[in-house]
$ cat target.tsv   # TSV, C-alpha atoms
chain	number	residue	atom	x	y	z
A	11	MET	CA	63.32	78.80	52.88
A	12	LYS	CA	62.43	77.82	49.31
A	13	LEU	CA	65.03	78.81	46.73
A	14	SER	CA	63.93	80.61	43.56
A	15	THR	CA	64.79	78.89	40.28
A	16	LYS	CA	62.71	80.70	37.62
A	17	PRO	CA	64.90	82.63	35.13
A	18	PHE	CA	64.59	86.43	35.03
A	19	LYS	CA	66.19	89.26	33.05
A	20	ILE	CA	69.39	90.67	34.54
A	21	ALA	CA	71.25	93.86	33.62
A	22	LEU	CA	75.05	93.82	33.64
A	23	ALA	CA	77.46	96.74	33.88
A	24	CYS	CA	81.10	97.26	34.72
A	25	ASP	CA	84.07	99.51	34.34
A	26	HIS	CA	87.35	98.45	32.75
A	27	ARG	CA	88.50	96.67	35.93
A	28	GLY	CA	85.37	94.50	35.95
A	29	PHE	CA	85.23	93.67	32.24
A	30	PHE	CA	86.55	90.09	32.35
A	31	LEU	CA	84.43	89.16	35.36
A	32	LYS	CA	81.33	90.64	33.69
A	33	GLU	CA	81.95	88.55	30.59
A	34	LYS	CA	82.35	85.40	32.69
A	35	ILE	CA	79.16	86.13	34.61
A	36	LYS	CA	77.26	86.93	31.41
A	37	LYS	CA	78.11	83.54	29.92
A	38	TYR	CA	77.16	81.80	33.13
A	39	LEU	CA	73.80	83.59	33.40
A	40	GLU	CA	72.89	82.88	29.80
A	41	LYS	CA	73.83	79.22	30.25
A	42	LYS	CA	71.45	79.13	33.24
A	43	GLY	CA	68.64	80.63	31.13
A	44	HIS	CA	68.73	84.20	32.45
A	45	PRO	CA	68.44	86.74	29.63
A	46	THR	CA	70.92	89.58	30.08
A	47	LEU	CA	71.02	93.23	29.09
A	48	ASP	CA	74.67	94.31	28.89
A	49	PHE	CA	75.30	98.02	29.48
A	50	GLY	CA	79.06	97.66	29.06
A	51	THR	CA	81.81	98.48	29.16
A	52	ASP	CA	83.15	96.31	26.39
A	53	SER	CA	86.90	96.38	26.98
A	54	GLU	CA	89.69	97.08	29.44
A	55	VAL	CA	90.06	100.67	28.20
A	56	SER	CA	89.73	103.00	31.20
A	57	VAL	CA	86.19	104.35	31.72
A	58	ASP	CA	84.16	105.92	34.51
A	59	TYR	CA	82.01	103.34	36.33
A	60	PRO	CA	79.01	105.70	36.93
A	61	ASP	CA	78.40	105.89	33.16
A	62	TYR	CA	77.67	102.15	33.06
A	63	ILE	CA	76.46	101.26	36.55
A	64	LEU	CA	73.75	103.93	36.42
A	65	LYS	CA	72.28	102.45	33.23
A	66	ALA	CA	72.02	99.00	34.82
A	67	ALA	CA	70.50	100.42	38.02
A	68	GLU	CA	68.00	102.47	36.01
A	69	SER	CA	66.94	99.35	34.13
A	70	VAL	CA	65.89	97.85	37.48
A	71	SER	CA	64.18	101.07	38.55
A	72	ASP	CA	62.30	101.26	35.24
A	73	GLY	CA	61.29	97.58	35.35
A	74	LYS	CA	63.21	96.66	32.19
A	75	THR	CA	65.16	94.07	34.19
A	76	ALA	CA	64.32	92.24	37.41
A	77	ARG	CA	67.81	92.63	38.85
A	78	ALA	CA	71.26	93.91	37.96
A	79	ILE	CA	74.91	93.12	38.59
A	80	GLY	CA	77.57	95.82	38.67
A	81	ILE	CA	81.31	95.31	38.83
A	82	CYS	CA	84.29	97.59	39.40
A	83	TYR	CA	87.62	97.05	41.13
A	84	THR	CA	86.48	97.61	44.74
A	85	GLY	CA	82.72	97.65	44.23
A	86	ILE	CA	82.48	100.65	46.55
A	87	GLY	CA	81.91	103.36	43.97
A	88	SER	CA	79.48	101.17	42.03
A	89	SER	CA	77.51	100.52	45.20
A	90	ILE	CA	77.35	104.22	46.03
A	91	ILE	CA	76.12	105.30	42.59
A	92	ALA	CA	73.65	102.42	42.18
A	93	ASN	CA	71.99	103.26	45.49
A	94	LYS	CA	71.27	106.79	44.24
A	95	VAL	CA	68.68	105.32	41.85
A	96	LYS	CA	65.13	105.15	43.17
A	97	GLY	CA	63.99	101.61	43.91
A	98	VAL	CA	67.46	100.08	43.74
A	99	ARG	CA	68.83	98.20	46.71
A	100	ALA	CA	72.40	97.52	45.68
A	101	SER	CA	74.60	95.42	47.92
A	102	LEU	CA	78.36	95.06	47.79
A	103	VAL	CA	78.95	91.37	48.45
A	104	LYS	CA	82.16	89.44	49.10
A	105	SER	CA	80.85	86.12	50.43
A	106	VAL	CA	78.13	83.54	49.92
A	107	ARG	CA	76.69	84.35	53.34
A	108	GLU	CA	76.41	88.05	52.46
A	109	ALA	CA	74.77	87.17	49.13
A	110	LYS	CA	72.13	85.06	50.90
A	111	LEU	CA	71.50	87.62	53.62
A	112	THR	CA	71.17	90.59	51.30
A	113	ARG	CA	68.48	88.76	49.36
A	114	ALA	CA	66.72	87.22	52.37
A	115	HIS	CA	66.76	90.35	54.56
A	116	ASN	CA	67.09	93.33	52.19
A	117	ASN	CA	65.44	92.06	48.99
A	118	SER	CA	68.54	93.28	47.17
A	119	ASN	CA	67.89	93.79	43.47
A	120	MET	CA	71.41	94.76	42.46
A	121	LEU	CA	74.53	92.78	43.25
A	122	ILE	CA	77.79	94.72	43.34
A	123	LEU	CA	81.08	92.88	43.06
A	124	GLY	CA	84.61	94.14	43.60
A	125	SER	CA	86.72	92.30	41.02
A	126	GLY	CA	89.91	93.00	42.93
A	127	PHE	CA	88.66	91.61	46.23
A	128	LEU	CA	86.91	88.34	45.37
A	129	LYS	CA	88.34	84.87	45.50
A	130	LYS	CA	87.86	83.41	42.03
A	131	GLN	CA	86.65	80.10	43.43
A	132	ASN	CA	83.79	81.89	45.29
A	133	ILE	CA	82.33	83.97	42.45
A	134	ILE	CA	79.91	81.39	41.05
A	135	ALA	CA	78.76	80.36	44.54
A	136	ILE	CA	78.12	84.02	45.43
A	137	LEU	CA	76.21	84.50	42.21
A	138	GLU	CA	74.12	81.36	42.73
A	139	ALA	CA	73.27	82.34	46.31
A	140	TRP	CA	72.17	85.81	45.22
A	141	LEU	CA	70.13	84.50	42.30
A	142	LYS	CA	68.34	81.74	44.19
A	143	THR	CA	67.74	83.12	47.67
A	144	PRO	CA	64.23	84.54	48.06
A	145	PHE	CA	63.23	87.51	50.17
A	146	GLU	CA	61.99	86.30	53.57
A	147	GLY	CA	59.51	89.11	54.16
A	148	GLY	CA	58.20	89.25	57.72
A	149	ARG	CA	60.10	91.72	59.89
A	150	HIS	CA	62.39	92.41	56.92
A	151	GLU	CA	59.42	93.54	54.82
A	152	ARG	CA	58.77	96.31	57.33
A	153	ARG	CA	62.36	97.52	57.04
A	154	VAL	CA	62.48	97.44	53.24
A	155	HIS	CA	59.14	99.29	53.22
A	156	LYS	CA	60.74	102.07	55.30
A	157	ILE	CA	63.44	102.45	52.64
A	158	SER	CA	60.79	102.65	49.91
A	159	ASN	CA	58.82	105.24	51.88
A	160	TYR	CA	61.91	107.38	52.26
A	161	GLU	CA	62.54	107.20	48.52
A	162	LYS	CA	58.97	108.25	47.75
A	163	LYS	CA	59.38	111.37	49.89
A	164	HIS	CA	62.93	112.35	48.98
A	165	LEU	CA	63.89	111.01	45.55

$ encode --input "target.tsv" --output "structure tokens"
Amino acid sequence: MKLSTKPFKIALACDHRGFFLKEKIKKYLEKKGHPTLDFGTDSEVSVDYPDYILKAAESVSDGKTARAIGICYTGIGSSIIANKVKGVRASLVKSVREAKLTRAHNNSNMLILGSGFLKKQNIIAILEAWLKTPFEGGRHERRVHKISNYEKKHL
């Protein structure tokens, strides 16, 4: 499997519990040459994650960004709301292996992180795996196509 290295535009969004992690990831992405589009939030003041996560997911759906990253405390709510957006395949990831598999098998275009459930030493490795792992296609293409067909009929 050849790893992808070409920079692409990435949307970022978080709630108040994901703010510091979003800022860390934003700096890292920009250092690696990935332009970012930050949908907020911009502080630790309590906010509702759907207000921000939806904007990032919609930027993927609309083609304004190639991928997105959403962060809240558990990642669960962000994953649920992001997957309501047509064309978004958001995956809640807690390990490097999950990050690789969600790209290789599901062609995930939105990474969801739970800031309260990640080991700090794993965050960059998870991010790198998700950024660089290409979609394998093959039998997985058929499965992703079924998701897209469902969306065309029902969303």

$ atom_distance --input "target.tsv" --atom1 "CA of Gly87 in chain A" --atom2 "CA of Ile63 in chain A"
9.4 Å

$ closest_residue --input "target.tsv" --among "A:Ala135, A:Arg99, A:His115, A:Phe49" --to "His150 in chain A" --atoms "all atoms listed in the file"
A:His115

$ closest_residue --input "target.tsv" --among "A:Thr112, A:Ser105, A:Thr51, A:Asn119" --to "Ala78 in chain A" --atoms "all atoms listed in the file"
A:Asn119

$ atom_distance --input "target.tsv" --atom1 "CA of Arg153 in chain A" --atom2 "CA of Ala21 in chain A"
25.3 Å

$ build_atoms --input "target.tsv" --residues "range 65-87 of chain A" --atoms "N, CA and C atoms" --output "CSV table (one decimal), keeping the file's coordinate frame"
chain,number,residue,atom,x,y,z
A,65,LYS,N,73.2,103.0,34.2
A,65,LYS,CA,72.3,102.4,33.2
A,65,LYS,C,71.7,101.1,33.7
A,66,ALA,N,72.5,100.3,34.3
A,66,ALA,CA,72.0,99.0,34.8
A,66,ALA,C,71.0,99.2,36.0
A,67,ALA,N,71.4,100.1,36.9
A,67,ALA,CA,70.5,100.4,38.0
A,67,ALA,C,69.2,101.0,37.5
A,68,GLU,N,69.2,101.9,36.6
A,68,GLU,CA,68.0,102.5,36.0
A,68,GLU,C,67.1,101.4,35.3
A,69,SER,N,67.7,100.4,34.8
A,69,SER,CA,66.9,99.4,34.1
A,69,SER,C,66.1,98.6,35.2
A,70,VAL,N,66.6,98.5,36.4
A,70,VAL,CA,65.9,97.8,37.5
A,70,VAL,C,64.8,98.8,37.9
A,71,SER,N,65.1,100.1,38.1
A,71,SER,CA,64.2,101.1,38.6
A,71,SER,C,63.0,101.2,37.6
A,72,ASP,N,63.3,101.1,36.3
A,72,ASP,CA,62.3,101.3,35.2
A,72,ASP,C,61.5,100.0,35.0
A,73,GLY,N,62.0,98.9,35.6
A,73,GLY,CA,61.3,97.6,35.4
A,73,GLY,C,61.7,96.9,34.1
A,74,LYS,N,62.7,97.3,33.4
A,74,LYS,CA,63.2,96.7,32.2
A,74,LYS,C,63.9,95.4,32.5
A,75,THR,N,64.5,95.3,33.7
A,75,THR,CA,65.2,94.1,34.2
A,75,THR,C,64.7,93.8,35.6
A,76,ALA,N,64.7,92.6,36.0
A,76,ALA,CA,64.3,92.2,37.4
A,76,ALA,C,65.4,92.6,38.4
A,77,ARG,N,66.7,92.4,38.0
A,77,ARG,CA,67.8,92.6,38.8
A,77,ARG,C,69.0,93.1,38.0
A,78,ALA,N,70.1,93.5,38.7
A,78,ALA,CA,71.3,93.9,38.0
A,78,ALA,C,72.5,93.5,38.7
A,79,ILE,N,73.6,93.4,38.0
A,79,ILE,CA,74.9,93.1,38.6
A,79,ILE,C,75.9,94.2,38.1
A,80,GLY,N,76.6,94.8,39.0
A,80,GLY,CA,77.6,95.8,38.7
A,80,GLY,C,78.9,95.4,39.2
A,81,ILE,N,80.0,95.7,38.4
A,81,ILE,CA,81.3,95.3,38.8
A,81,ILE,C,82.3,96.4,38.6
A,82,CYS,N,83.1,96.7,39.6
A,82,CYS,CA,84.3,97.6,39.4
A,82,CYS,C,85.4,97.0,40.3
A,83,TYR,N,86.5,97.7,40.4
A,83,TYR,CA,87.6,97.0,41.1
A,83,TYR,C,87.3,96.8,42.6
A,84,THR,N,86.8,97.8,43.3
A,84,THR,CA,86.5,97.6,44.7
A,84,THR,C,85.0,97.3,45.0
A,85,GLY,N,84.2,97.8,44.1
A,85,GLY,CA,82.7,97.6,44.2
A,85,GLY,C,82.1,98.8,45.0
A,86,ILE,N,83.0,99.6,45.7
A,86,ILE,CA,82.5,100.6,46.6
A,86,ILE,C,81.8,101.8,45.8
A,87,GLY,N,82.5,102.3,44.8
A,87,GLY,CA,81.9,103.4,44.0
A,87,GLY,C,80.6,102.9,43.2
